[in-house]
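Novice: For reference, the file upload_21.tsv (TSV, C-alpha atoms) is included below:
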```tsv
chain	number	residue	atom	x	y	z
O	1	MET	CA	78.06	78.25	70.11
O	2	ASN	CA	78.98	74.82	71.35
O	3	GLY	CA	80.44	74.04	74.77
O	4	MET	CA	84.08	74.42	73.62
O	5	GLY	CA	83.38	77.77	71.98
O	6	ARG	CA	81.73	79.13	75.10
O	7	LYS	CA	84.68	78.04	77.25
O	8	LYS	CA	87.17	79.77	74.96
O	9	HIS	CA	85.01	82.88	74.93
O	10	ALA	CA	84.79	82.87	78.75
O	11	ASP	CA	88.57	82.32	78.98
O	12	LEU	CA	89.20	85.32	76.71
O	13	ILE	CA	86.87	87.50	78.80
O	14	GLY	CA	88.64	86.35	81.97
O	15	LEU	CA	92.06	87.08	80.43
O	16	GLY	CA	90.88	90.51	79.30
O	17	CYS	CA	89.56	91.33	82.77
O	18	GLY	CA	92.83	90.17	84.33
O	19	ILE	CA	94.87	92.37	81.99
O	20	LEU	CA	92.55	95.31	82.68
O	21	ILE	CA	92.97	94.89	86.44
O	22	VAL	CA	96.78	94.76	86.10
O	23	VAL	CA	96.74	97.95	83.97
O	24	ILE	CA	94.49	99.75	86.49
O	25	VAL	CA	96.70	98.75	89.42
O	26	PHE	CA	99.81	99.86	87.51
O	27	LEU	CA	98.27	103.26	86.68
O	28	ALA	CA	97.17	103.75	90.30
O	29	PHE	CA	100.74	103.00	91.43
O	30	ILE	CA	102.17	105.58	89.01
O	31	VAL	CA	99.69	108.27	90.10
O	32	SER	CA	100.32	107.65	93.80
O	33	SER	CA	104.11	107.66	93.25
O	34	ASP	CA	103.86	111.06	91.55
O	35	ARG	CA	101.78	112.43	94.43
O	36	ILE	CA	104.25	111.13	97.02
O	37	ARG	CA	107.17	112.64	95.10
O	38	GLU	CA	105.37	116.01	94.84
O	39	GLN	CA	104.56	116.01	98.56
O	40	GLU	CA	108.20	115.25	99.41
O	41	ARG	CA	109.41	118.10	97.17
O	42	GLU	CA	107.02	120.48	98.94
O	43	ARG	CA	108.16	119.31	102.39
O	44	SER	CA	111.77	119.80	101.33
O	45	ARG	CA	111.04	123.32	100.08
O	46	LEU	CA	109.28	124.21	103.32
O	47	ARG	CA	112.16	122.81	105.42
O	48	PHE	CA	114.66	124.87	103.45
O	49	GLU	CA	112.57	128.04	103.80
O	50	ALA	CA	112.24	127.41	107.55
O	51	SER	CA	116.01	126.91	107.87
O	52	LEU	CA	116.60	130.29	106.19
O	53	ARG	CA	114.18	131.94	108.62
O	54	GLN	CA	115.80	130.23	111.61
O	55	THR	CA	119.23	131.31	110.41
O	56	ALA	CA	118.05	134.92	110.09
O	57	VAL	CA	116.64	134.80	113.63
O	58	SER	CA	119.87	133.25	114.95
O	59	CYS	CA	121.89	136.00	113.30
O	60	TYR	CA	119.68	138.64	114.92
O	61	ALA	CA	120.03	136.98	118.33
O	62	GLU	CA	123.82	136.66	118.03
O	63	GLU	CA	124.74	139.82	116.15
O	64	GLY	CA	121.89	142.25	116.77
O	65	PHE	CA	120.82	142.53	113.13
O	66	TYR	CA	119.25	140.36	110.47
O	67	PRO	CA	121.53	139.18	107.66
O	68	PRO	CA	121.73	141.88	104.99
O	69	ASP	CA	121.55	139.37	102.12
O	70	LEU	CA	121.80	135.71	101.16
O	71	ALA	CA	125.55	135.96	100.59
O	72	TYR	CA	125.98	136.85	104.28
O	73	ILE	CA	123.98	133.78	105.30
O	74	GLU	CA	126.08	131.57	103.05
O	75	LYS	CA	129.40	133.06	104.16
O	76	TYR	CA	128.89	133.30	107.91
O	77	TYR	CA	126.28	130.63	108.65
O	78	GLY	CA	127.31	127.87	106.26
O	79	ILE	CA	123.96	127.57	104.52
O	80	ARG	CA	124.36	126.44	100.92
O	81	ILE	CA	121.57	127.76	98.75
O	82	PRO	CA	120.78	125.40	95.85
O	83	TYR	CA	120.08	128.08	93.23
O	84	GLU	CA	119.71	125.36	90.60
O	85	ARG	CA	116.68	124.05	92.50
O	86	TYR	CA	115.11	127.10	94.17
O	87	ALA	CA	114.43	130.76	93.51
O	88	VAL	CA	114.90	132.54	96.83
O	89	HIS	CA	113.35	135.91	97.59
O	90	TYR	CA	115.13	137.65	100.47
O	91	GLU	CA	114.19	141.26	101.10
O	92	VAL	CA	115.47	143.32	104.01
O	93	PHE	CA	113.53	146.39	105.15
O	94	ALA	CA	115.71	147.34	108.12
O	95	GLU	CA	118.37	145.68	110.28
O	96	ASN	CA	115.90	145.18	113.11
O	97	LEU	CA	112.94	143.87	111.07
O	98	MET	CA	112.62	140.26	109.98
O	99	PRO	CA	113.36	140.03	106.25
O	100	GLU	CA	110.74	138.79	103.84
O	101	ILE	CA	111.81	135.28	102.85
O	102	SER	CA	110.18	132.99	100.32
O	103	VAL	CA	111.41	129.98	98.42
O	104	VAL	CA	109.94	128.72	95.15
O	105	GLU	CA	110.97	125.47	93.51
O	106	LEU	CA	112.19	125.94	89.95
O	107	PRO	CA	110.60	123.83	87.21
```
Rewrite the coordinates I just gave you, this time as structure tokens.
Specialist:
Amino acid sequence: MNGMGRKKHADLIGLGCGILIVVIVFLAFIVSSDRIREQERERSRLRFEASLRQTAVSCYAEEGFYPPDLAYIEKYYGIRIPYERYAVHYEVFAENLMPEISVVELP
């Protein structure tokens, strides 16, 4: 290979490395964006679950019993439950025992 051929070859290798670096950085950005989005969804789910628990405790403190169901929480405490986003498990054992509450994000 003469001097010109080597220069073109080196330029192609440099261009290839540059493109590879750009692709790697782009893929890393996509992966980190997905992780951040997933973490935010989980924080949101946990905040919503905590607000349901706090509402149940407030009801008990104010009224002397835990809310009998989710409809009661929605009607009397103004909590809107986004059923399109979450599956909410709310099970009451007795008026004076904290209900079992869990929230799962729907796919």
Novice: Taking all atoms listed in the file into account, name the residue in O:Tyr60, O:Arg85, O:Gln54, O:Lys75 that is nearest to Ile101 (chain O).
Specialist: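 Selected residue with least distance to Ile101 (chain O): O:Gln54.
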Novice: Could you name the residues that touch region 36-53 of chain O at 6 Å or less, counting only C-alpha atoms, but leaving out those on the same chain fewer than 3 positions away, as a PyMOL selection string?
Specialist: chain O and resi 33+56+103
Novice: Residues within 8 Å of Tyr90 (chain O), please, as a PyMOL selection string. Count all atoms listed in the file; anything in the same chain fewer than 2 positions from it doesn't count.
Specialist: chain O and resi 69-70+88+92+99-102
